[in-house]
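Here is the file final-v4.tsv (TSV, C-alpha atoms and all ligand atoms).
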chain	number	residue	atom	x	y	z
A	1	MET	CA	28.34	-162.52	225.11
A	2	LYS	CA	27.32	-159.93	227.69
A	3	ARG	CA	28.59	-156.52	228.71
A	4	GLY	CA	32.22	-155.85	228.06
A	5	CYS	CA	32.25	-157.33	224.55
A	6	ASN	CA	33.88	-155.20	221.90
A	7	VAL	CA	31.06	-153.39	220.14
A	8	LEU	CA	32.90	-153.07	216.88
A	9	ASP	CA	33.40	-156.83	216.67
A	10	PHE	CA	29.67	-157.20	216.60
A	11	LEU	CA	28.62	-154.46	214.25
A	12	ASP	CA	28.25	-156.95	211.44
A	13	ALA	CA	25.72	-158.80	213.56
A	14	GLY	CA	23.40	-155.79	213.26
A	15	PHE	CA	22.59	-153.14	215.77
A	16	LEU	CA	19.61	-154.88	217.35
A	17	ARG	CA	21.61	-158.06	217.76
A	18	LEU	CA	24.30	-155.98	219.41
A	19	LEU	CA	21.79	-154.57	221.87
A	20	GLU	CA	20.54	-158.07	222.58
A	21	LEU	CA	24.09	-159.22	223.23
A	22	ARG	CA	24.41	-156.42	225.75
A	23	GLY	CA	21.15	-157.45	227.41
A	24	ILE	CA	19.27	-154.34	226.18
A	25	SER	CA	15.74	-154.91	224.91
A	26	ARG	CA	14.25	-153.24	221.84
A	27	ARG	CA	11.76	-151.57	224.17
A	28	ARG	CA	14.61	-149.95	226.08
A	29	PHE	CA	16.24	-148.90	222.83
A	30	LEU	CA	13.00	-147.24	221.68
A	31	LYS	CA	12.78	-145.47	225.04
A	32	PHE	CA	16.24	-144.08	224.41
A	33	CYS	CA	15.14	-142.95	220.92
A	34	GLY	CA	12.14	-141.28	222.58
A	35	SER	CA	14.41	-139.31	224.90
A	36	ILE	CA	16.53	-138.22	221.94
A	37	ALA	CA	13.37	-137.08	220.11
A	38	THR	CA	12.30	-135.07	223.17
A	39	LEU	CA	15.69	-133.43	223.56
A	40	LEU	CA	15.78	-132.56	219.87
A	41	GLY	CA	12.27	-131.15	220.07
A	42	LEU	CA	10.96	-133.68	217.55
A	43	SER	CA	7.53	-135.24	217.67
A	44	ARG	CA	7.17	-138.74	219.10
A	45	LEU	CA	6.14	-139.78	215.61
A	46	SER	CA	9.81	-139.44	214.66
A	47	ILE	CA	10.88	-142.22	217.06
A	48	PRO	CA	10.71	-145.02	214.44
A	49	ASP	CA	12.76	-142.87	212.03
A	50	ILE	CA	15.38	-142.21	214.69
A	51	ALA	CA	15.51	-145.91	215.57
A	52	SER	CA	15.82	-146.90	211.94
A	53	ALA	CA	18.58	-144.35	211.27
A	54	ILE	CA	20.56	-145.59	214.26
A	55	GLU	CA	20.11	-149.21	213.25
A	56	LYS	CA	21.42	-148.42	209.77
A	57	MET	CA	24.38	-146.41	211.03
A	58	GLN	CA	27.14	-148.50	209.47
A	59	ARG	CA	29.95	-146.03	209.11
A	60	ARG	CA	31.84	-144.95	212.19
A	61	PRO	CA	31.80	-141.15	212.17
A	62	PRO	CA	35.24	-139.97	213.28
A	63	VAL	CA	35.42	-137.68	216.30
A	64	VAL	CA	38.42	-135.68	217.48
A	65	TRP	CA	38.18	-134.44	221.10
A	66	LEU	CA	40.53	-131.62	222.10
A	67	ASP	CA	41.32	-130.67	225.69
A	68	PHE	CA	42.59	-127.19	226.47
A	69	MET	CA	42.39	-125.08	229.67
A	70	GLU	CA	39.86	-126.96	231.82
A	71	CYS	CA	39.54	-129.45	234.67
A	72	LEU	CA	38.48	-132.55	232.64
A	73	GLY	CA	35.06	-132.33	234.31
A	74	CYS	CA	33.28	-132.45	230.94
A	75	THR	CA	35.10	-135.65	229.97
A	76	GLU	CA	34.19	-137.06	233.37
A	77	SER	CA	30.57	-136.08	232.84
A	78	PHE	CA	30.56	-137.60	229.35
A	79	VAL	CA	32.14	-140.95	230.20
A	80	ASN	CA	29.82	-141.31	233.16
A	81	ALA	CA	26.70	-140.86	231.04
A	82	THR	CA	24.57	-143.70	232.26
A	83	TYR	CA	21.32	-143.21	230.39
A	84	PRO	CA	20.28	-146.60	229.65
A	85	GLU	CA	23.55	-147.82	228.15
A	86	VAL	CA	22.30	-147.61	224.59
A	87	ASP	CA	24.02	-144.27	224.29
A	88	LYS	CA	27.27	-145.84	225.42
A	89	ILE	CA	27.09	-148.40	222.67
A	90	ILE	CA	26.44	-145.70	220.13
A	91	LEU	CA	29.33	-143.69	221.44
A	92	GLU	CA	31.53	-146.74	221.11
A	93	ILE	CA	30.38	-146.92	217.52
A	94	LEU	CA	31.59	-143.37	217.02
A	95	SER	CA	35.22	-143.55	216.10
A	96	VAL	CA	36.94	-141.38	218.69
A	97	GLU	CA	40.26	-140.93	216.88
A	98	TYR	CA	41.80	-138.68	219.46
A	99	HIS	CA	41.05	-137.92	223.09
A	100	GLU	CA	44.24	-137.56	225.03
A	101	ALA	CA	42.63	-138.18	228.41
A	102	ILE	CA	40.94	-141.49	227.60
A	103	MET	CA	42.81	-142.95	224.63
A	104	ALA	CA	45.25	-145.79	225.14
A	105	PRO	CA	48.26	-144.34	223.25
A	106	ALA	CA	50.12	-141.35	224.66
A	107	GLY	CA	52.70	-138.81	223.49
A	108	ASP	CA	53.80	-138.88	219.84
A	109	LYS	CA	51.64	-141.88	219.04
A	110	ALA	CA	48.53	-140.08	220.28
A	111	HIS	CA	49.37	-136.96	218.32
A	112	ALA	CA	49.99	-139.03	215.19
A	113	ASN	CA	46.34	-140.20	215.51
A	114	LEU	CA	45.19	-136.61	215.72
A	115	TRP	CA	47.01	-135.40	212.63
A	116	LYS	CA	46.08	-138.50	210.67
A	117	ALA	CA	42.39	-137.84	211.44
A	118	VAL	CA	42.80	-134.19	210.43
A	119	GLU	CA	44.46	-135.20	207.18
A	120	GLU	CA	41.65	-137.62	206.36
A	121	GLY	CA	39.04	-134.94	207.19
A	122	ASP	CA	35.29	-135.52	207.50
A	123	TYR	CA	35.41	-135.50	211.31
A	124	LEU	CA	33.46	-133.89	214.11
A	125	CYS	CA	35.58	-131.87	216.53
A	126	VAL	CA	34.56	-131.72	220.19
A	127	VAL	CA	36.43	-129.14	222.28
A	128	GLU	CA	36.68	-129.01	226.05
A	129	GLY	CA	38.47	-126.07	227.65
A	130	ALA	CA	39.42	-122.49	226.80
A	131	ILE	CA	42.06	-121.24	224.37
A	132	ALA	CA	44.90	-119.07	225.70
A	133	THR	CA	45.34	-116.07	223.40
A	134	LYS	CA	47.31	-113.52	225.49
A	135	ILE	CA	49.87	-115.97	226.85
A	136	PRO	CA	49.70	-118.75	224.23
A	137	SER	CA	52.34	-120.83	226.03
A	138	ALA	CA	49.95	-121.17	228.99
A	139	MET	CA	48.25	-123.98	227.07
A	140	CYS	CA	50.44	-126.28	224.99
A	141	VAL	CA	50.02	-129.88	223.87
A	142	GLY	CA	52.78	-131.74	222.06
A	143	GLY	CA	54.77	-128.55	221.53
A	144	MET	CA	51.89	-126.66	219.92
A	145	THR	CA	49.80	-123.94	221.52
A	146	SER	CA	46.04	-124.25	221.91
A	147	MET	CA	45.69	-121.50	219.28
A	148	GLU	CA	47.75	-123.43	216.72
A	149	ILE	CA	45.93	-126.71	217.36
A	150	MET	CA	42.46	-125.18	217.35
A	151	GLU	CA	43.09	-123.28	214.15
A	152	LYS	CA	44.39	-126.33	212.30
A	153	VAL	CA	41.82	-128.83	213.62
A	154	GLY	CA	38.89	-126.40	213.50
A	155	ARG	CA	39.55	-125.38	209.89
A	156	SER	CA	39.19	-128.92	208.52
A	157	ALA	CA	36.37	-130.16	210.79
A	158	LYS	CA	32.85	-130.71	209.46
A	159	ALA	CA	31.53	-129.09	212.63
A	160	VAL	CA	32.86	-128.04	216.03
A	161	ILE	CA	31.01	-128.78	219.27
A	162	ALA	CA	32.27	-126.67	222.19
A	163	VAL	CA	31.41	-128.49	225.43
A	164	GLY	CA	31.33	-126.90	228.87
A	165	THR	CA	31.49	-123.25	229.81
A	166	CYS	CA	35.31	-123.10	229.45
A	167	ALA	CA	35.11	-124.06	225.76
A	168	THR	CA	32.05	-121.91	225.09
A	169	HIS	CA	32.99	-118.70	226.89
A	170	GLY	CA	36.37	-119.19	228.54
A	171	GLY	CA	34.98	-120.44	231.87
A	172	THR	CA	36.82	-119.75	235.10
A	173	GLN	CA	40.02	-119.01	233.16
A	174	ALA	CA	38.29	-116.04	231.51
A	175	ALA	CA	37.06	-114.62	234.84
A	176	GLU	CA	38.53	-111.24	235.73
A	177	PRO	CA	41.41	-110.46	235.33
A	178	ASN	CA	41.75	-113.27	232.76
A	179	PRO	CA	45.57	-113.27	232.76
A	180	THR	CA	46.00	-115.74	229.88
A	181	GLY	CA	43.45	-114.10	227.57
A	182	ALA	CA	41.23	-117.18	227.72
A	183	VAL	CA	38.48	-117.26	225.09
A	184	GLY	CA	35.83	-119.70	223.95
A	185	VAL	CA	36.11	-121.67	220.72
A	186	TYR	CA	33.37	-119.88	218.81
A	187	ASP	CA	34.94	-116.45	219.36
A	188	PHE	CA	38.36	-117.81	218.51
A	189	LEU	CA	37.22	-119.34	215.20
A	190	LYS	CA	35.29	-116.21	214.28
A	191	ASP	CA	38.29	-114.03	215.07
A	192	ARG	CA	40.42	-116.13	212.71
A	193	GLY	CA	37.80	-115.98	209.93
A	194	ILE	CA	37.18	-119.74	210.16
A	195	ASP	CA	33.56	-120.43	209.22
A	196	THR	CA	33.28	-124.07	210.33
A	197	PRO	CA	29.81	-124.50	211.90
A	198	CYS	CA	30.15	-124.32	215.68
A	199	VAL	CA	27.67	-125.07	218.44
A	200	ASN	CA	28.05	-124.05	222.08
A	201	LEU	CA	26.96	-126.44	224.84
A	202	PRO	CA	27.74	-124.52	228.04
A	203	GLY	CA	27.52	-126.02	231.50
A	204	CYS	CA	30.03	-126.67	234.25
A	205	PRO	CA	30.26	-129.47	233.29
A	206	VAL	CA	28.36	-130.06	230.07
A	207	ASN	CA	25.32	-132.25	230.57
A	208	PRO	CA	26.07	-135.53	228.75
A	209	GLU	CA	22.50	-135.81	227.47
A	210	ASN	CA	22.83	-132.42	225.78
A	211	LEU	CA	26.06	-133.53	224.13
A	212	ILE	CA	24.68	-136.88	223.00
A	213	SER	CA	21.50	-135.35	221.57
A	214	THR	CA	23.52	-132.70	219.69
A	215	ILE	CA	25.81	-135.35	218.20
A	216	PHE	CA	22.72	-137.31	217.24
A	217	HIS	CA	21.11	-134.33	215.65
A	218	TYR	CA	24.17	-133.90	213.50
A	219	LEU	CA	24.49	-137.57	212.60
A	220	LEU	CA	20.82	-138.09	211.84
A	221	LEU	CA	19.98	-134.82	210.11
A	222	GLY	CA	23.39	-133.85	208.76
A	223	ARG	CA	23.37	-130.40	210.37
A	224	LEU	CA	23.62	-128.68	213.72
A	225	PRO	CA	20.39	-127.83	215.57
A	226	GLU	CA	18.86	-124.36	215.46
A	227	LEU	CA	20.92	-122.05	217.65
A	228	ASP	CA	20.26	-118.93	219.73
A	229	HIS	CA	22.42	-115.81	219.64
A	230	TYR	CA	24.95	-117.43	221.98
A	231	GLY	CA	25.30	-120.39	219.60
A	232	ARG	CA	23.35	-122.70	221.96
A	233	PRO	CA	20.71	-125.15	220.66
A	234	LYS	CA	17.35	-123.44	221.21
A	235	LYS	CA	15.63	-126.68	222.14
A	236	LEU	CA	18.07	-127.36	224.96
A	237	TYR	CA	18.71	-123.81	226.20
A	238	GLY	CA	15.48	-122.05	225.29
A	239	GLN	CA	13.87	-121.67	228.72
A	240	THR	CA	15.04	-120.49	232.10
A	241	ILE	CA	15.35	-122.82	235.04
A	242	HIS	CA	12.89	-120.57	236.84
A	243	ASP	CA	10.30	-121.28	234.13
A	244	ASN	CA	10.31	-124.99	234.92
A	245	CYS	CA	11.42	-125.14	238.53
A	246	PRO	CA	9.53	-127.44	240.90
A	247	ARG	CA	9.98	-124.79	243.65
A	248	ARG	CA	8.33	-122.16	241.47
A	249	ALA	CA	4.96	-122.21	243.22
A	250	HIS	CA	6.74	-121.15	246.44
A	251	PHE	CA	8.41	-118.25	244.63
A	252	ASP	CA	5.04	-117.16	243.28
A	253	GLU	CA	3.56	-117.23	246.76
A	254	GLY	CA	6.49	-115.57	248.50
A	255	ARG	CA	7.76	-118.58	250.47
A	256	PHE	CA	11.54	-118.44	250.58
A	257	VAL	CA	14.43	-120.33	252.15
A	258	LYS	CA	16.32	-117.81	254.29
A	259	SER	CA	19.24	-120.01	255.27
A	260	LEU	CA	20.64	-123.23	253.89
A	261	GLY	CA	20.00	-126.30	255.98
A	262	SER	CA	16.78	-124.81	257.35
A	263	GLU	CA	13.38	-126.45	257.56
A	264	GLU	CA	12.16	-124.24	254.69
A	265	GLU	CA	14.80	-125.77	252.46
A	266	SER	CA	13.60	-129.30	253.19
A	267	LEU	CA	10.02	-128.16	252.64
A	268	GLY	CA	11.00	-127.25	249.08
A	269	TYR	CA	10.64	-123.48	249.44
A	270	CYS	CA	12.16	-121.21	246.82
A	271	LEU	CA	15.95	-120.65	246.98
A	272	TYR	CA	15.88	-117.16	245.47
A	273	LYS	CA	16.92	-115.39	248.67
A	274	VAL	CA	19.92	-117.65	249.17
A	275	GLY	CA	21.24	-116.72	245.75
A	276	CYS	CA	19.44	-118.86	243.18
A	277	ARG	CA	20.31	-117.75	239.63
A	278	GLY	CA	17.48	-119.79	238.10
A	279	PRO	CA	15.59	-116.69	236.89
A	280	SER	CA	18.57	-115.66	234.73
A	281	THR	CA	19.79	-119.10	233.64
A	282	PHE	CA	18.73	-120.74	230.40
A	283	SER	CA	19.04	-124.48	230.92
A	284	ASN	CA	17.11	-127.73	230.69
A	285	CYS	CA	18.43	-128.90	234.09
A	286	PRO	CA	14.94	-129.23	235.63
A	287	SER	CA	13.96	-131.88	233.06
A	288	VAL	CA	17.25	-133.58	232.17
A	289	MET	CA	18.87	-133.36	235.62
A	290	TRP	CA	22.08	-135.28	236.34
A	291	ASN	CA	23.34	-138.78	237.12
A	292	ASN	CA	20.84	-140.70	235.06
A	293	ARG	CA	18.13	-138.13	235.85
A	294	GLN	CA	18.40	-138.80	239.57
A	295	ASN	CA	18.66	-135.28	240.91
A	296	TRP	CA	19.99	-131.80	240.28
A	297	CYS	CA	21.24	-128.77	242.22
A	298	ILE	CA	17.88	-127.23	243.16
A	299	GLY	CA	16.38	-130.67	243.76
A	300	ALA	CA	19.15	-131.27	246.31
A	301	GLY	CA	18.43	-127.94	248.03
A	302	ALA	CA	21.33	-125.95	246.53
A	303	PRO	CA	20.67	-122.67	244.72
A	304	CYS	CA	21.52	-122.67	241.02
A	305	ILE	CA	24.76	-120.73	240.43
A	306	GLY	CA	23.98	-120.28	236.74
A	307	CYS	CA	26.76	-122.47	235.37
A	308	PHE	CA	25.02	-122.79	231.97
A	309	GLU	CA	25.26	-119.06	231.40
A	310	PRO	CA	28.06	-117.22	229.57
A	311	TYR	CA	30.61	-115.58	231.91
A	312	PHE	CA	28.73	-116.78	234.97
A	313	TRP	CA	31.80	-116.53	237.21
A	314	ASP	CA	31.80	-112.77	236.83
A	315	ARG	CA	28.11	-112.11	236.16
A	316	PHE	CA	26.86	-114.14	239.07
A	317	ARG	CA	29.68	-113.69	241.60
A	318	ASP	CA	28.67	-113.69	245.26
A	319	PHE	CA	26.76	-116.84	244.53
A	320	TYR	CA	24.82	-116.90	247.79
A	321	LYS	CA	23.59	-113.33	247.55
A	322	PRO	CA	20.24	-112.82	245.83
A	323	LEU	CA	20.08	-111.51	242.28
A	324	PRO	CA	19.81	-107.72	242.51
A	325	ASP	CA	16.33	-107.51	241.03
A	326	VAL	CA	13.61	-109.48	239.33
A	327	GLU	CA	10.72	-107.86	237.58
A	328	LEU	CA	7.25	-108.69	238.73
A	329	PRO	CA	4.17	-107.41	236.98
A	330	GLY	CA	4.12	-103.75	237.84
A	331	VAL	CA	6.74	-104.07	240.58
A	332	LYS	CA	10.52	-103.89	240.40
A	333	ALA	CA	11.25	-105.97	243.46
A	334	SER	CA	14.51	-106.50	245.27
A	335	ALA	CA	15.13	-109.77	247.03
A	336	ASP	CA	13.93	-108.25	250.29
A	337	LYS	CA	10.78	-106.90	248.78
A	338	ILE	CA	9.83	-109.74	246.51
A	339	GLY	CA	7.42	-111.48	248.85
A	340	ALA	CA	5.91	-108.15	249.88
A	341	GLY	CA	5.65	-107.19	246.21
A	342	ILE	CA	3.56	-110.21	245.47
A	343	ALA	CA	1.44	-109.64	248.57
A	344	ALA	CA	0.77	-106.08	247.41
A	345	LEU	CA	-0.31	-107.37	244.03
A	346	THR	CA	-2.66	-109.78	245.69
A	347	ALA	CA	-4.07	-106.96	247.79
A	348	VAL	CA	-4.96	-104.97	244.68
A	349	GLY	CA	-6.79	-107.89	243.30
A	350	ILE	CA	-4.29	-109.54	241.02
A	351	GLY	CA	-4.14	-113.21	241.89
A	352	VAL	CA	-0.80	-114.70	242.77
A	353	HIS	CA	-1.31	-117.34	240.16
A	354	LEU	CA	-1.83	-114.75	237.48
A	355	ALA	CA	1.22	-112.88	238.69
A	356	GLY	CA	3.26	-116.04	238.49
A	357	SER	CA	1.97	-116.80	235.02
A	358	ALA	CA	2.91	-113.37	233.79
A	359	ILE	CA	6.39	-113.60	235.31
A	360	LYS	CA	6.90	-116.90	233.58
A	361	GLY	CA	5.73	-115.57	230.28
A	362	ARG	CA	2.84	-118.03	230.24
A	363	THR	CA	0.46	-115.24	229.43
A	364	GLY	CA	2.82	-114.01	226.76
A	365	LYS	CA	2.79	-110.51	228.27
A	366	LYS	CA	5.82	-110.47	230.46
A	367	GLU	CA	8.99	-112.51	230.64
A	368	THR	CA	11.22	-113.25	233.56
A	369	HIS	CA	13.90	-110.60	233.79
A	370	VAL	CA	17.03	-111.93	232.20
A	371	VAL	CA	20.41	-110.36	232.79
A	372	ARG	CA	22.35	-110.66	229.55
A	373	PRO	CA	26.08	-109.86	229.41
A	374	GLU	CA	25.47	-107.27	226.69
A	375	GLU	CA	22.96	-105.53	228.95
A	376	GLU	CA	25.60	-105.23	231.62
A	377	LYS	CA	28.25	-103.69	229.39
B	1	LIG	S1	14.39	-118.66	242.20
B	1	LIG	FE1	15.41	-120.63	241.89
B	1	LIG	S2	14.52	-122.04	243.42
B	1	LIG	FE2	13.16	-120.26	243.24
B	1	LIG	S3	11.66	-120.87	241.73
B	1	LIG	FE3	13.23	-119.74	240.62
B	1	LIG	S4	14.64	-121.30	239.91
B	1	LIG	FE4	13.38	-122.26	241.48
B	2	LIG	S1	20.96	-126.08	238.20
B	2	LIG	FE1	22.19	-124.27	237.70
B	2	LIG	S2	24.18	-124.60	238.74
B	2	LIG	FE2	23.09	-126.57	238.67
B	2	LIG	S3	23.89	-127.57	236.79
B	2	LIG	FE3	21.98	-126.50	236.23
B	2	LIG	S4	22.67	-124.46	235.51
B	2	LIG	FE4	24.37	-125.37	236.63
I need this file expressed as structure tokens, please.
Amino acid sequence: MKRGCNVLDFLDAGFLRLLELRGISRRRFLKFCGSIATLLGLSRLSIPDIASAIEKMQRRPPVVWLDFMECLGCTESFVNATYPEVDKIILEILSVEYHEAIMAPAGDKAHANLWKAVEEGDYLCVVEGAIATKIPSAMCVGGMTSMEIMEKVGRSAKAVIAVGTCATHGGTQAAEPNPTGAVGVYDFLKDRGIDTPCVNLPGCPVNPENLISTIFHYLLLGRLPELDHYGRPKKLYGQTIHDNCPRRAHFDEGRFVKSLGSEEESLGYCLYKVGCRGPSTFSNCPSVMWNNRQNWCIGAGAPCIGCFEPYFWDRFRDFYKPLPDVELPGVKASADKIGAGIAALTAVGIGVHLAGSAIKGRTGKKETHVVRPEEEK
């Protein structure tokens, strides 16, 4: 039996046998476990433990996936996860009790699945999309508002995983003037006094590898990963794009793309002057990338618009205009002055490399300037 067989029919045959039936070698499976270990920030020594835990995963953990105000891009991103198919098998093993966009039943039958899962409890809740709080009727499913559904489902869940910037911070719906009062799940639950653990995985859309590794963290360790003050896993969202960008050497040396489609762009020069938000965006895009790690925005010559950041539609508007300022060691440089700023530093004897290291925080003395929403208010 090859691809296309029903995974659940073969669970009794053992996980490794299942992989074999799908034409996936143990070596490939261990490679997958290695990528999970890396994403979770675990040592490579943990790979055998991860593999063993997955092999022994007998019970199908129930998952309820809610869709509110969004474009279904996160579902699209998730179902198109292609990393080497092992993840797909594992996701088939997860018991997705309710996902109105991809489940076979519709209407009342679909909703019956949802409320049955809620009644039975012990489920993980994944949420895609924002909740409408000012005009609740703007988002209804099966005669209930997003507020009513989220409150009921979120209260009984073991944990809530908000996927995509709409679910984490309201997304484009929450951009000014936010007519529906769109909010993210974490704020909504907090406002209602619901203390179900909640993790935010922003991105427009969510990166499927970040979602899979977070689910794994929960399944393998029984808890959510360590989070930052925006509720994001520190291991996945702990560094800026600028810190790990392959175009970074050009930034450090003042070589910039001045217009898209130019020769400088194809030469891999820095995209800062055509609006790149990499210096203010915390994301693992440079390492995880997209489409089976094929490429990503900056790799394709497009400036980062900061879609992993809270409220990026408002904070980073005018996407092709440079960020107003970035701090260099001893110089507050505007986009126009940034190259000159570095040249001046070189002239006074500070090497460009050292300057770059300080900007990146490598020396531990100076960090890239980060515009936080609370700084702006
Ligand atoms: S500004 Fe953007 S393109 Fe330039 S180095 Fe930073 S992240 Fe990379
Ligand atoms: S590079 Fe920037 S715009 Fe592109 S997916 Fe990552 S965070 Fe979003």
* Throw together the list of residues within 10 Å of ligand LIG 1 (chain B), counting all atoms listed in the file, and drop it here as a PyMOL selection string. => chain A and resi 240-252+254-257+265+268-281+286+297-299+301-306+322-323+326+360+368
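For the set A:Ala117, A:Cys285, A:Leu66, A:Ala104, the residue with the smallest atom-to-atom gap to ligand LIG 2 (chain B) is A:Cys285, counting all atoms listed in the file.
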* Structure fact -> Using all atoms listed in the file, the residue out of A:Thr180, A:Thr133, A:Asn207, A:Asn292 with shortest distance to ligand LIG 2 (chain B) is A:Asn207
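Between atom CA of Asn291 of chain A and atom CA of Leu236 of chain A lies a distance of 17.5 Å.
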Box time for ligand LIG 2 (chain B): axis-aligned, enclosing all its listed atoms, 8 Å extra on each side; report centre and edge lengths in Å to one decimal, as lines of an AutoDock Vina configuration file.
center_x = 22.7
center_y = -125.9
center_z = 237.1
size_x = 19.4
size_y = 19.3
size_z = 19.2
* All residues 8 Å or closer to Gly142 of chain A, all atoms listed in the file, same chain fewer than 3 positions away omitted, as a count of residues only -> 3
* Record the distance separating atom CA of Gly41 of chain A and atom CA of Arg223 of chain A, expressed in Å with one decimal. => 14.8 Å
* Asked: Quick one: of A:Ala112, A:Thr196, A:Ala300, A:Lys190, who's nearest to Ser266 of chain A, counting all atoms listed in the file?
  -> A:Ala300
* Structure fact -> A straight line from atom CA of Tyr98 of chain A to atom CA of Val288 of chain A spans 28.1 Å
* Selection near Pro136 of chain A, 9 Å with all atoms listed in the file, sequence-local residues under 6 positions removed, as number ranges by chain -> A: 145-147, 180-181
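Every residue within 8 Å of the file position (36.6, -126.0, 231.4), judged by only C-alpha atoms, is given as Phe68, Met69, Glu70, Cys71, Leu72, Gly73, Cys74, Glu128, Gly129, Ala130, Gly164, Thr165, Cys166, Ala167, Gly170, Gly171, Thr172, Gln173, Cys204 and Pro205 of chain A.
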Those residues with C-alpha atoms, as an mmCIF file, in the coordinates of the input please?
data_model
loop_
_atom_site.group_PDB
_atom_site.id
_atom_site.type_symbol
_atom_site.label_atom_id
_atom_site.label_comp_id
_atom_site.auth_asym_id
_atom_site.auth_seq_id
_atom_site.Cartn_x
_atom_site.Cartn_y
_atom_site.Cartn_z
ATOM 1 C CA PHE A 68 42.590 -127.190 226.470
ATOM 2 C CA MET A 69 42.390 -125.080 229.670
ATOM 3 C CA GLU A 70 39.860 -126.960 231.820
ATOM 4 C CA CYS A 71 39.540 -129.450 234.670
ATOM 5 C CA LEU A 72 38.480 -132.550 232.640
ATOM 6 C CA GLY A 73 35.060 -132.330 234.310
ATOM 7 C CA CYS A 74 33.280 -132.450 230.940
ATOM 8 C CA GLU A 128 36.680 -129.010 226.050
ATOM 9 C CA GLY A 129 38.470 -126.070 227.650
ATOM 10 C CA ALA A 130 39.420 -122.490 226.800
ATOM 11 C CA GLY A 164 31.330 -126.900 228.870
ATOM 12 C CA THR A 165 31.490 -123.250 229.810
ATOM 13 C CA CYS A 166 35.310 -123.100 229.450
ATOM 14 C CA ALA A 167 35.110 -124.060 225.760
ATOM 15 C CA GLY A 170 36.370 -119.190 228.540
ATOM 16 C CA GLY A 171 34.980 -120.440 231.870
ATOM 17 C CA THR A 172 36.820 -119.750 235.100
ATOM 18 C CA GLN A 173 40.020 -119.010 233.160
ATOM 19 C CA CYS A 204 30.030 -126.670 234.250
ATOM 20 C CA PRO A 205 30.260 -129.470 233.290
#
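Residue nearest ligand LIG 2 (chain B), chosen from A:Ser95, A:Ser137, A:Asn284, A:Thr214 and counting all atoms listed in the file: A:Asn284.
The closest residue to ligand LIG 2 (chain B), picked from A:Pro202, A:Gly238, A:Gly261, A:Gly231 and counting only C-alpha atoms and all ligand atoms, is A:Pro202.
Minimum atom-to-atom distance to ligand LIG 2 (chain B), evaluated using only C-alpha atoms and all ligand atoms, belongs to A:Ser77 out of A:Arg22, A:Lys235, A:His99, A:Ser77.
Taking all atoms listed in the file, the non-local environment of Val160 of chain A within 9 Å (same-chain residues fewer than 5 positions away omitted) comprises A:Leu124, A:Cys125, A:Val126, A:Val127, A:Gly154, A:Val185, A:Tyr186, A:Thr196, A:Pro197, A:Cys198, A:Val199, A:Asn200.
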Could you model N, CA and C atoms for segment 99-110 of chain A and present them as a short mmCIF file (atom, residue, chain, number, x, y, z; two decimals), in the coordinates of the input?
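Output file out_32.cif follows:
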data_model
loop_
_atom_site.label_atom_id
_atom_site.label_comp_id
_atom_site.auth_asym_id
_atom_site.auth_seq_id
_atom_site.Cartn_x
_atom_site.Cartn_y
_atom_site.Cartn_z
N HIS A 99 41.50 -138.52 221.84
CA HIS A 99 41.05 -137.92 223.09
C HIS A 99 42.16 -138.22 224.09
N GLU A 100 43.00 -137.24 224.31
CA GLU A 100 44.24 -137.56 225.03
C GLU A 100 44.01 -138.07 226.44
N ALA A 101 42.85 -137.75 227.03
CA ALA A 101 42.63 -138.18 228.41
C ALA A 101 42.17 -139.64 228.50
N ILE A 102 41.48 -140.12 227.46
CA ILE A 102 40.94 -141.49 227.60
C ILE A 102 41.51 -142.48 226.58
N MET A 103 42.29 -142.02 225.63
CA MET A 103 42.81 -142.95 224.63
C MET A 103 43.99 -143.74 225.19
N ALA A 104 44.18 -144.93 224.63
CA ALA A 104 45.25 -145.79 225.14
C ALA A 104 46.64 -145.25 224.80
N PRO A 105 46.91 -144.85 223.55
CA PRO A 105 48.26 -144.34 223.25
C PRO A 105 48.51 -142.99 223.92
N ALA A 106 49.77 -142.65 224.08
CA ALA A 106 50.12 -141.35 224.66
C ALA A 106 51.26 -140.74 223.84
N GLY A 107 51.56 -139.48 224.12
CA GLY A 107 52.70 -138.81 223.49
C GLY A 107 52.59 -138.75 221.98
N ASP A 108 53.75 -139.02 221.30
CA ASP A 108 53.80 -138.88 219.84
C ASP A 108 52.78 -139.76 219.14
N LYS A 109 52.59 -140.96 219.69
CA LYS A 109 51.64 -141.88 219.04
C LYS A 109 50.24 -141.28 219.04
N ALA A 110 49.86 -140.69 220.18
CA ALA A 110 48.53 -140.08 220.28
C ALA A 110 48.40 -138.94 219.29
#
